[in-house]
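Below is protein.cif, holding mmCIF, C-alpha atoms.
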data_data
#
loop_
_atom_site.label_atom_id
_atom_site.label_comp_id
_atom_site.auth_asym_id
_atom_site.auth_seq_id
_atom_site.Cartn_x
_atom_site.Cartn_y
_atom_site.Cartn_z
CA MET T 1 14.08 149.50 -100.20
CA SER T 2 13.51 148.98 -103.91
CA LEU T 3 13.12 151.89 -106.33
CA ASP T 4 9.39 151.33 -106.20
CA GLY T 5 9.38 151.53 -102.41
CA PHE T 6 9.18 147.91 -101.25
CA VAL T 7 11.21 146.34 -98.43
CA ALA T 8 9.95 142.84 -99.22
CA GLY T 9 8.78 141.37 -102.50
CA PRO T 10 5.37 139.88 -103.31
CA ASN T 11 4.24 136.44 -102.11
CA GLN T 12 6.06 136.28 -98.76
CA SER T 13 6.24 132.78 -97.28
CA GLU T 14 8.24 130.82 -94.71
CA GLU T 15 10.52 129.57 -97.50
CA ASN T 16 10.74 133.05 -98.97
CA PRO T 17 10.61 135.37 -95.95
CA LEU T 18 11.53 138.46 -97.95
CA GLY T 19 9.12 137.66 -100.78
CA GLU T 20 10.00 137.14 -104.42
CA GLY T 21 13.08 139.12 -105.29
CA GLY T 22 13.36 140.55 -101.78
CA MET T 23 16.86 139.19 -101.16
CA GLN T 24 18.17 141.48 -103.90
CA LEU T 25 17.60 144.40 -101.54
CA HIS T 26 20.18 143.01 -99.12
CA GLU T 27 22.91 141.75 -101.47
CA TRP T 28 24.99 144.88 -100.95
CA VAL T 29 25.28 144.15 -97.22
CA PHE T 30 25.93 140.40 -97.40
CA LYS T 31 29.02 141.09 -99.54
CA LEU T 32 30.61 143.40 -96.98
CA ALA T 33 33.42 142.29 -94.67
CA ALA T 34 31.81 144.60 -92.10
CA TRP T 35 28.67 142.45 -92.21
CA ARG T 36 30.38 139.05 -92.57
CA LYS T 37 32.69 139.38 -89.59
CA PRO T 38 30.01 139.84 -86.87
CA HIS T 39 28.04 137.06 -88.55
CA GLY T 40 31.00 134.68 -88.19
CA ARG T 41 31.94 134.63 -91.87
CA GLU T 42 35.29 135.33 -93.46
CA GLY T 43 36.28 137.57 -96.35
CA GLY T 44 34.09 140.12 -98.02
CA GLU T 45 34.45 143.52 -99.61
CA VAL T 46 35.38 146.91 -98.26
CA ASN T 47 33.70 149.74 -100.18
CA ALA T 48 31.72 152.94 -99.67
CA SER T 49 28.92 150.97 -97.99
CA SER T 50 31.27 149.63 -95.29
CA GLU T 51 31.41 152.92 -93.44
CA VAL T 52 27.63 153.31 -93.66
CA LEU T 53 27.13 149.95 -92.00
CA GLU T 54 29.89 150.49 -89.44
CA GLU T 55 28.53 153.88 -88.40
CA ALA T 56 25.02 152.50 -88.05
CA THR T 57 26.09 149.58 -85.88
CA ALA T 58 28.81 151.34 -83.86
CA GLY T 59 26.40 153.88 -82.37
CA THR T 60 23.64 151.41 -81.63
CA GLY T 61 22.96 150.72 -77.95
CA ALA T 62 19.71 148.81 -78.35
CA VAL T 63 17.52 147.42 -81.14
CA ILE T 64 13.74 147.32 -81.53
CA MET T 65 12.17 144.89 -83.96
CA GLY T 66 8.77 143.50 -84.79
CA ARG T 67 7.89 139.94 -84.12
CA ASN T 68 7.76 139.11 -87.82
CA MET T 69 11.39 140.15 -88.11
CA PHE T 70 12.25 137.93 -85.15
CA GLY T 71 10.70 134.90 -86.74
CA PRO T 72 7.96 133.30 -88.85
CA VAL T 73 5.91 132.12 -85.81
CA ARG T 74 2.47 133.74 -85.35
CA GLY T 75 0.05 133.63 -82.42
CA PRO T 76 1.01 132.51 -78.88
CA TRP T 77 4.54 131.22 -78.25
CA THR T 78 4.54 127.41 -78.17
CA GLU T 79 7.12 124.63 -77.92
CA PRO T 80 9.46 124.12 -79.65
CA MET T 81 10.29 127.76 -78.91
CA TRP T 82 11.47 129.87 -81.83
CA ASN T 83 14.69 131.59 -80.78
CA GLY T 84 15.34 133.86 -83.76
CA TRP T 85 17.02 133.45 -87.12
CA TRP T 86 20.53 134.02 -85.83
CA GLY T 87 21.65 130.83 -84.04
CA ASP T 88 23.33 130.62 -80.63
CA ASP T 89 25.36 133.80 -80.99
CA PRO T 90 23.20 136.51 -82.56
CA PRO T 91 25.15 139.38 -84.14
CA PHE T 92 23.40 142.18 -82.22
CA LYS T 93 25.37 141.99 -78.95
CA VAL T 94 23.17 144.79 -77.57
CA PRO T 95 19.75 144.48 -75.90
CA VAL T 96 17.00 143.67 -78.41
CA PHE T 97 13.33 144.48 -77.77
CA VAL T 98 10.81 142.43 -79.73
CA LEU T 99 7.29 143.85 -80.11
CA THR T 100 4.68 141.13 -79.75
CA HIS T 101 1.09 140.73 -78.60
CA HIS T 102 2.06 137.59 -76.68
CA GLU T 103 4.05 137.69 -73.43
CA ARG T 104 7.25 135.72 -73.15
CA GLU T 105 10.22 135.53 -70.74
CA PRO T 106 13.46 137.15 -71.89
CA LEU T 107 15.76 135.02 -74.04
CA ILE T 108 19.51 135.21 -73.50
CA LEU T 109 21.73 133.94 -76.29
CA SER T 110 25.44 134.57 -75.77
CA TYR T 111 25.90 138.37 -75.74
CA THR T 112 22.35 139.22 -76.85
CA THR T 113 19.25 139.44 -74.68
CA PHE T 114 15.86 139.48 -76.40
CA THR T 115 13.17 141.16 -74.28
CA PHE T 116 9.58 140.66 -75.45
CA VAL T 117 7.43 143.75 -75.10
CA SER T 118 3.67 143.35 -75.24
CA ASP T 119 2.55 146.77 -73.97
CA GLY T 120 3.18 148.90 -77.04
CA ILE T 121 5.75 150.83 -79.01
CA GLU T 122 6.25 153.60 -76.44
CA SER T 123 7.03 151.08 -73.72
CA ALA T 124 9.51 149.34 -76.03
CA LEU T 125 11.17 152.68 -76.78
CA ASP T 126 11.39 153.60 -73.09
CA GLN T 127 12.97 150.25 -72.25
CA ALA T 128 15.33 150.42 -75.21
CA ARG T 129 16.41 153.96 -74.34
CA ALA T 130 17.18 152.94 -70.79
CA ALA T 131 19.10 149.89 -72.00
CA ALA T 132 21.01 151.83 -74.65
CA ALA T 133 22.36 154.37 -72.15
CA ASP T 134 24.35 156.80 -74.37
CA GLY T 135 23.83 154.72 -77.52
CA ASP T 136 21.16 155.10 -80.18
CA VAL T 137 18.03 153.03 -80.35
CA LEU T 138 17.85 151.39 -83.78
CA ILE T 139 14.41 150.52 -85.12
CA GLY T 140 15.47 147.54 -87.15
CA GLY T 141 12.15 146.72 -88.81
CA GLY T 142 10.07 145.43 -90.36
CA ALA T 143 8.06 147.95 -92.28
CA ALA T 144 5.01 147.82 -89.98
CA VAL T 145 7.09 148.68 -86.91
CA GLY T 146 8.93 151.49 -88.69
CA GLN T 147 5.60 152.92 -89.84
CA GLN T 148 4.18 152.88 -86.32
CA TYR T 149 7.14 154.79 -84.90
CA LEU T 150 7.15 157.23 -87.81
CA LYS T 151 3.45 157.95 -87.42
CA ALA T 152 3.89 158.49 -83.68
CA GLY T 153 6.57 161.11 -84.40
CA LEU T 154 9.21 159.08 -82.56
CA VAL T 155 11.81 158.79 -85.33
CA ASP T 156 14.72 161.26 -85.13
CA GLU T 157 16.89 159.89 -87.92
CA MET T 158 16.19 157.74 -90.93
CA HIS T 159 18.67 155.77 -93.01
CA LEU T 160 17.42 154.63 -96.40
CA HIS T 161 19.27 152.12 -98.54
CA ILE T 162 17.78 152.33 -102.03
CA ALA T 163 18.59 149.31 -104.21
CA PRO T 164 18.60 149.63 -108.04
CA VAL T 165 15.79 147.14 -108.32
CA PHE T 166 12.07 147.10 -109.10
CA LEU T 167 10.08 144.55 -107.11
CA GLY T 168 6.68 145.43 -108.55
CA GLY T 169 4.84 144.62 -105.36
CA GLY T 170 5.19 143.41 -101.79
CA ARG T 171 5.51 145.26 -98.50
CA ARG T 172 6.03 149.02 -98.75
CA LEU T 173 8.34 150.84 -96.36
CA PHE T 174 6.00 153.83 -96.56
CA GLU T 175 2.32 153.14 -97.00
CA ASP T 176 -0.14 155.99 -97.45
CA HIS T 177 -0.47 157.98 -94.24
CA THR T 178 2.71 156.47 -92.80
CA SER T 179 3.83 159.92 -91.76
CA ALA T 180 2.14 162.90 -90.21
CA ALA T 181 2.34 164.51 -93.65
CA PRO T 182 3.40 166.78 -95.19
CA ALA T 183 6.71 167.01 -93.36
CA GLN T 184 10.07 168.33 -94.48
CA LEU T 185 13.25 166.61 -93.30
CA GLU T 186 16.90 167.58 -93.32
CA ARG T 187 19.03 165.39 -95.55
CA THR T 188 22.23 164.65 -93.68
CA GLY T 189 24.16 162.22 -95.87
CA VAL T 190 24.34 160.62 -99.32
CA VAL T 191 26.67 157.74 -100.19
CA ALA T 192 26.79 156.08 -103.61
CA SER T 193 27.82 152.45 -103.25
CA PRO T 194 29.50 150.55 -106.12
CA SER T 195 26.76 147.95 -105.63
CA GLY T 196 24.30 150.43 -107.17
CA VAL T 197 22.69 151.13 -103.81
CA VAL T 198 22.26 154.74 -102.69
CA HIS T 199 22.44 155.32 -98.93
CA VAL T 200 20.59 158.46 -97.85
CA SER T 201 20.22 159.77 -94.31
CA TYR T 202 17.67 162.21 -92.95
CA ARG T 203 17.02 164.03 -89.69
CA ARG T 204 13.77 165.63 -88.74
CA MET P 1 9.15 162.25 -105.85
CA SER P 2 8.70 162.41 -102.10
CA LEU P 3 10.47 160.00 -99.74
CA ASP P 4 7.26 158.03 -99.54
CA GLY P 5 7.07 157.76 -103.33
CA PHE P 6 4.51 160.37 -104.36
CA VAL P 7 4.81 162.79 -107.29
CA ALA P 8 1.67 164.69 -106.30
CA GLY P 9 0.10 165.17 -102.90
CA PRO P 10 -3.38 164.15 -101.77
CA ASN P 11 -6.55 166.02 -102.77
CA GLN P 12 -5.52 167.21 -106.25
CA SER P 13 -7.75 169.96 -107.63
CA GLU P 14 -7.70 172.66 -110.29
CA GLU P 15 -6.56 175.18 -107.65
CA ASN P 16 -4.03 172.69 -106.32
CA PRO P 17 -2.88 170.74 -109.40
CA LEU P 18 -0.03 169.03 -107.56
CA GLY P 19 -2.15 168.16 -104.53
CA GLU P 20 -1.53 169.25 -100.95
CA GLY P 21 2.17 169.73 -100.38
CA GLY P 22 3.01 168.72 -103.95
CA MET P 23 4.75 171.98 -104.81
CA GLN P 24 7.45 171.14 -102.26
CA LEU P 25 8.70 168.47 -104.65
CA HIS P 26 9.59 171.11 -107.23
CA GLU P 27 11.03 173.89 -105.10
CA TRP P 28 14.61 172.83 -105.86
CA VAL P 29 14.06 173.45 -109.58
CA PHE P 30 12.15 176.74 -109.35
CA LYS P 31 15.13 178.27 -107.49
CA LEU P 32 17.62 177.44 -110.22
CA ALA P 33 18.86 180.03 -112.72
CA ALA P 34 18.91 177.15 -115.23
CA TRP P 35 15.14 176.79 -114.81
CA ARG P 36 14.28 180.49 -114.48
CA LYS P 37 16.02 181.65 -117.66
CA PRO P 38 14.07 179.48 -120.16
CA HIS P 39 10.92 180.40 -118.25
CA GLY P 40 11.65 184.11 -118.79
CA ARG P 41 12.61 184.87 -115.20
CA GLU P 42 15.75 186.53 -113.91
CA GLY P 43 18.17 185.52 -111.19
CA GLY P 44 18.27 182.24 -109.39
CA GLU P 45 20.84 179.89 -107.92
CA VAL P 46 23.61 177.85 -109.45
CA ASN P 47 24.30 174.67 -107.48
CA ALA P 48 24.81 170.93 -107.92
CA SER P 49 21.27 170.59 -109.30
CA SER P 50 21.98 173.04 -112.15
CA GLU P 51 24.05 170.55 -114.10
CA VAL P 52 21.45 167.83 -113.58
CA LEU P 53 18.77 170.04 -115.10
CA GLU P 54 21.01 171.31 -117.90
CA GLU P 55 22.07 167.82 -118.92
CA ALA P 56 18.47 166.61 -118.94
CA THR P 57 17.24 169.47 -121.10
CA ALA P 58 20.28 169.79 -123.41
CA GLY P 59 19.93 166.25 -124.73
CA THR P 60 16.18 166.35 -125.20
CA GLY P 61 14.93 166.33 -128.79
CA ALA P 62 11.25 165.72 -128.06
CA VAL P 63 8.91 165.48 -125.06
CA ILE P 64 5.99 163.15 -124.38
CA MET P 65 3.42 164.09 -121.74
CA GLY P 66 0.02 162.98 -120.59
CA ARG P 67 -2.99 165.13 -121.09
CA ASN P 68 -3.32 165.81 -117.37
CA MET P 69 0.14 167.34 -117.40
CA PHE P 70 -0.86 169.51 -120.37
CA GLY P 71 -3.87 170.88 -118.55
CA PRO P 72 -6.80 170.43 -116.20
CA VAL P 73 -9.36 169.92 -119.01
CA ARG P 74 -10.98 166.47 -119.23
CA GLY P 75 -13.14 164.91 -121.96
CA PRO P 76 -13.43 166.29 -125.54
CA TRP P 77 -11.61 169.53 -126.41
CA THR P 78 -14.07 172.44 -126.38
CA GLU P 79 -13.89 176.21 -126.77
CA PRO P 80 -12.29 178.14 -125.23
CA MET P 81 -9.40 175.85 -126.14
CA TRP P 82 -6.91 175.09 -123.38
CA ASN P 83 -3.41 175.80 -124.74
CA GLY P 84 -1.23 174.56 -121.89
CA TRP P 85 0.07 176.05 -118.66
CA TRP P 86 3.01 177.83 -120.25
CA GLY P 87 1.67 180.92 -122.04
CA ASP P 88 2.56 182.08 -125.58
CA ASP P 89 6.17 180.95 -125.48
CA PRO P 90 6.39 177.52 -123.80
CA PRO P 91 9.85 176.62 -122.48
CA PHE P 92 10.13 173.29 -124.33
CA LYS P 93 11.26 174.61 -127.76
CA VAL P 94 11.25 171.01 -129.03
CA PRO P 95 8.30 169.01 -130.40
CA VAL P 96 5.89 167.95 -127.65
CA PHE P 97 3.55 164.96 -128.00
CA VAL P 98 0.48 164.98 -125.78
CA LEU P 99 -1.27 161.65 -125.15
CA THR P 100 -5.04 162.04 -125.22
CA HIS P 101 -8.12 160.01 -126.06
CA HIS P 102 -9.54 162.99 -127.97
CA GLU P 103 -8.23 164.09 -131.36
CA ARG P 104 -7.07 167.64 -131.85
CA GLU P 105 -5.12 169.60 -134.48
CA PRO P 106 -1.50 170.47 -133.65
CA LEU P 107 -0.94 173.63 -131.64
CA ILE P 108 2.01 175.88 -132.50
CA LEU P 109 3.11 178.37 -129.86
CA SER P 110 6.31 180.23 -130.69
CA TYR P 111 9.10 177.60 -130.89
CA THR P 112 7.01 174.73 -129.51
CA THR P 113 4.59 172.50 -131.43
CA PHE P 114 2.17 170.36 -129.43
CA THR P 115 1.01 167.29 -131.37
CA PHE P 116 -1.95 165.42 -129.90
CA VAL P 117 -1.65 161.63 -130.15
CA SER P 118 -4.76 159.53 -129.70
CA ASP P 119 -3.52 156.14 -130.96
CA GLY P 120 -1.43 155.01 -128.02
CA ILE P 121 1.95 155.25 -126.32
CA GLU P 122 3.90 153.38 -129.00
CA SER P 123 2.66 155.71 -131.70
CA ALA P 124 3.61 158.70 -129.56
CA LEU P 125 7.07 157.24 -129.04
CA ASP P 126 7.55 156.56 -132.77
CA GLN P 127 6.53 160.10 -133.63
CA ALA P 128 8.68 161.58 -130.86
CA ARG P 129 11.71 159.54 -131.94
CA ALA P 130 11.35 160.72 -135.51
CA ALA P 131 10.96 164.32 -134.39
CA ALA P 132 13.87 164.12 -131.93
CA ALA P 133 16.33 162.97 -134.60
CA ASP P 134 19.58 162.46 -132.62
CA GLY P 135 18.11 163.81 -129.39
CA ASP P 136 16.56 161.89 -126.53
CA VAL P 137 12.84 161.47 -126.04
CA LEU P 138 11.92 162.73 -122.57
CA ILE P 139 8.85 161.23 -120.94
CA GLY P 140 7.91 164.26 -118.91
CA GLY P 141 4.99 162.84 -116.95
CA GLY P 142 2.67 162.51 -115.25
CA ALA P 143 2.94 159.35 -113.22
CA ALA P 144 0.36 157.43 -115.25
CA VAL P 145 2.23 158.01 -118.50
CA GLY P 146 5.58 157.08 -116.97
CA GLN P 147 4.06 153.88 -115.58
CA GLN P 148 2.65 152.90 -118.98
CA TYR P 149 6.02 153.30 -120.69
CA LEU P 150 7.84 151.50 -117.87
CA LYS P 151 5.44 148.58 -117.96
CA ALA P 152 5.82 148.32 -121.73
CA GLY P 153 9.61 148.06 -121.31
CA LEU P 154 10.18 151.25 -123.31
CA VAL P 155 12.20 153.22 -120.75
CA ASP P 156 15.98 153.18 -121.25
CA GLU P 157 16.99 155.72 -118.63
CA MET P 158 15.31 157.02 -115.50
CA HIS P 159 16.11 160.18 -113.57
CA LEU P 160 14.69 160.36 -110.06
CA HIS P 161 14.68 163.54 -108.00
CA ILE P 162 13.97 162.53 -104.41
CA ALA P 163 12.82 165.42 -102.21
CA PRO P 164 13.35 165.29 -98.42
CA VAL P 165 9.63 165.40 -97.82
CA PHE P 166 6.83 163.09 -96.76
CA LEU P 167 3.51 163.71 -98.50
CA GLY P 168 1.61 160.89 -96.81
CA GLY P 169 -0.59 160.24 -99.82
CA GLY P 170 -1.39 161.28 -103.37
CA ARG P 171 -0.24 159.96 -106.73
CA ARG P 172 2.60 157.43 -106.62
CA LEU P 173 5.34 157.44 -109.25
CA PHE P 174 5.49 153.65 -108.95
CA GLU P 175 2.28 151.83 -108.18
CA ASP P 176 2.27 148.08 -107.61
CA HIS P 177 3.04 146.24 -110.85
CA THR P 178 4.36 149.39 -112.50
CA SER P 179 7.35 147.45 -113.73
CA ALA P 180 7.85 144.03 -115.22
CA ALA P 181 9.32 143.03 -111.85
CA PRO P 182 11.72 142.00 -110.47
CA ALA P 183 14.23 143.91 -112.57
CA GLN P 184 17.73 145.08 -111.77
CA LEU P 185 18.96 148.40 -113.15
CA GLU P 186 22.37 150.01 -113.47
CA ARG P 187 22.76 153.11 -111.36
CA THR P 188 24.59 155.69 -113.45
CA GLY P 189 24.68 158.84 -111.35
CA VAL P 190 24.07 160.29 -107.90
CA VAL P 191 24.08 164.02 -107.14
CA ALA P 192 23.37 165.47 -103.69
CA SER P 193 21.81 168.91 -104.01
CA PRO P 194 22.10 171.52 -101.24
CA SER P 195 18.31 171.75 -101.41
CA GLY P 196 18.15 168.33 -99.77
CA VAL P 197 17.09 166.65 -103.01
CA VAL P 198 18.98 163.57 -104.20
CA HIS P 199 19.19 163.13 -107.96
CA VAL P 200 19.70 159.50 -108.98
CA SER P 201 19.97 158.15 -112.53
CA TYR P 202 19.49 154.61 -113.73
CA ARG P 203 19.88 152.70 -116.99
CA ARG P 204 18.38 149.33 -117.73
#
Represent the structure contained in this file as structure tokens.
Amino acid sequence: MSLDGFVAGPNQSEENPLGEGGMQLHEWVFKLAAWRKPHGREGGEVNASSEVLEEATAGTGAVIMGRNMFGPVRGPWTEPMWNGWWGDDPPFKVPVFVLTHHEREPLILSYTTFTFVSDGIESALDQARAAAADGDVLIGGGAAVGQQYLKAGLVDEMHLHIAPVFLGGGRRLFEDHTSAAPAQLERTGVVASPSGVVHVSYRR
Amino acid sequence: MSLDGFVAGPNQSEENPLGEGGMQLHEWVFKLAAWRKPHGREGGEVNASSEVLEEATAGTGAVIMGRNMFGPVRGPWTEPMWNGWWGDDPPFKVPVFVLTHHEREPLILSYTTFTFVSDGIESALDQARAAAADGDVLIGGGAAVGQQYLKAGLVDEMHLHIAPVFLGGGRRLFEDHTSAAPAQLERTGVVASPSGVVHVSYRR
């Protein structure tokens, strides 16, 4: 998120899915070899952020995401079917559960299966837990999905990546009343990346 | 500030000047010997936060604060005069400039002079700079004052103290449009305190 708490900039659009300035929040990760390799790209940096990313992905047995993270389509699913932003070989390679109000058959792309869940966040979590076996369930985003799980008291760990950027507006990671406040957490890790990002982890 | 971006909790009142849960944001500092000594109290801890506090105070030649940080009084100054929260010997011991819409004569309490500035933030900054000589001008708060200086492009350095707490509501340090966004900063320091607080410094 930005220093002022946004995970996407103002004026989101299909051309600008992260809003104005929103891509700046992710620059630290796009530069990493640890990100580039699973996305089929060569080169990249190895720095203090590499381990943060590797740890987060290594332990992940399943991913939950909101429909707006899966794609720009709204309303019922219609042809031509939107199959995600990630091409024929999505980088997840673990089961992915997509929260949506509109039913859809599972989508299998190479090593990744997208299951569409239309009966709520608890159902998605149950399915993801079963699919993850011993792995962690990663709530990938976006903000609205994270807020729902946080409010329901279903988040055990939280990993914040704070970019040295002001966005001035957009989508907040934590709106008012996101949490069952006030609540004290345990801070478990702090990593200062040369990119200017601070990675901070918490456990409840 | 809290993880969700608040510097005071919800439902601020005279009995609860930092709002519900707001005191949790400051617990790390009240425990420090480096805070207790200038406030006339004995004992306290020495930890990674001590240096952060000492550096911040050692370089400070003048302080600017909003009237709501100076006291709970609103409207014109009336008898009995409110003379601040800090008793007869305030801990600042440098010139303090209080932004207010209502004129008032300077107040001298031991080693601290409070000057009341009613002609705007730039005037307060000019006066504070002159009074600070080679020292830094610290914008002490509250949130509204910090936001005004940030928006005017007058903040060179920013020190965030992020507490491992959700407040769920209250007064945000960064409202929408606080900054002339988007803007990239240089991150200059990160300190992980055993209290769970993360201290992060930025320079523009």
Note to self: Evaluate the PyMOL selection byres ((chain P) within 6 of (chain T)) against this structure - the residues, as a ChimeraX atom specification, please.
What the structure shows: /P:4,164-169,174,176-177,179,181-185,187,196
Writer output for current selection, C-alpha atoms, as a PDB file, in the coordinates of the input:
ATOM      1  CA  ASP P   4       7.260 158.030 -99.540  1.00  0.00           C
ATOM      2  CA  PRO P 164      13.350 165.290 -98.420  1.00  0.00           C
ATOM      3  CA  VAL P 165       9.630 165.400 -97.820  1.00  0.00           C
ATOM      4  CA  PHE P 166       6.830 163.090 -96.760  1.00  0.00           C
ATOM      5  CA  LEU P 167       3.510 163.710 -98.500  1.00  0.00           C
ATOM      6  CA  GLY P 168       1.610 160.890 -96.810  1.00  0.00           C
ATOM      7  CA  GLY P 169      -0.590 160.240 -99.820  1.00  0.00           C
ATOM      8  CA  PHE P 174       5.490 153.650-108.950  1.00  0.00           C
ATOM      9  CA  ASP P 176       2.270 148.080-107.610  1.00  0.00           C
ATOM     10  CA  HIS P 177       3.040 146.240-110.850  1.00  0.00           C
ATOM     11  CA  SER P 179       7.350 147.450-113.730  1.00  0.00           C
ATOM     12  CA  ALA P 181       9.320 143.030-111.850  1.00  0.00           C
ATOM     13  CA  PRO P 182      11.720 142.000-110.470  1.00  0.00           C
ATOM     14  CA  ALA P 183      14.230 143.910-112.570  1.00  0.00           C
ATOM     15  CA  GLN P 184      17.730 145.080-111.770  1.00  0.00           C
ATOM     16  CA  LEU P 185      18.960 148.400-113.150  1.00  0.00           C
ATOM     17  CA  ARG P 187      22.760 153.110-111.360  1.00  0.00           C
ATOM     18  CA  GLY P 196      18.150 168.330 -99.770  1.00  0.00           C
TER      19      GLY P 196
END
Note to self: Selection in question (the file shown): the PyMOL selection byres ((chain T and resi 63-79) around 6). Which residues does it include, as a VMD selection string?
What the structure shows: chain T and resid 62 80 to 81 84 96 to 100 102 137 to 142 145
Margin query: Using Å and a single decimal, report how far atom CA of Ala128 of chain T sits from atom CA of Leu150 of chain T.
Written below: 16.5 Å
Margin query: Just to confirm, what's the straight-line distance from atom CA of Leu109 of chain P to atom CA of Ser50 of chain P in Å (one decimal)?
Written below: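 These atoms are spaced 26.4 Å apart.
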Check: Once the PyMOL selection byres ((chain T and resi 34-46) around 12) has been applied to the shown file, what residues remain in the selection, as a ChimeraX atom specification?
Finding: /T:26-33,47-58,85-93,111,193-195
Next item on the list: Would you mind reading off the distance between atom CA of Ala131 of chain P and atom CA of Val94 of chain P, one decimal, in Å?
Entry: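 Atom CA of Val94 of chain P lies 8.6 Å from atom CA of Ala131 of chain P.
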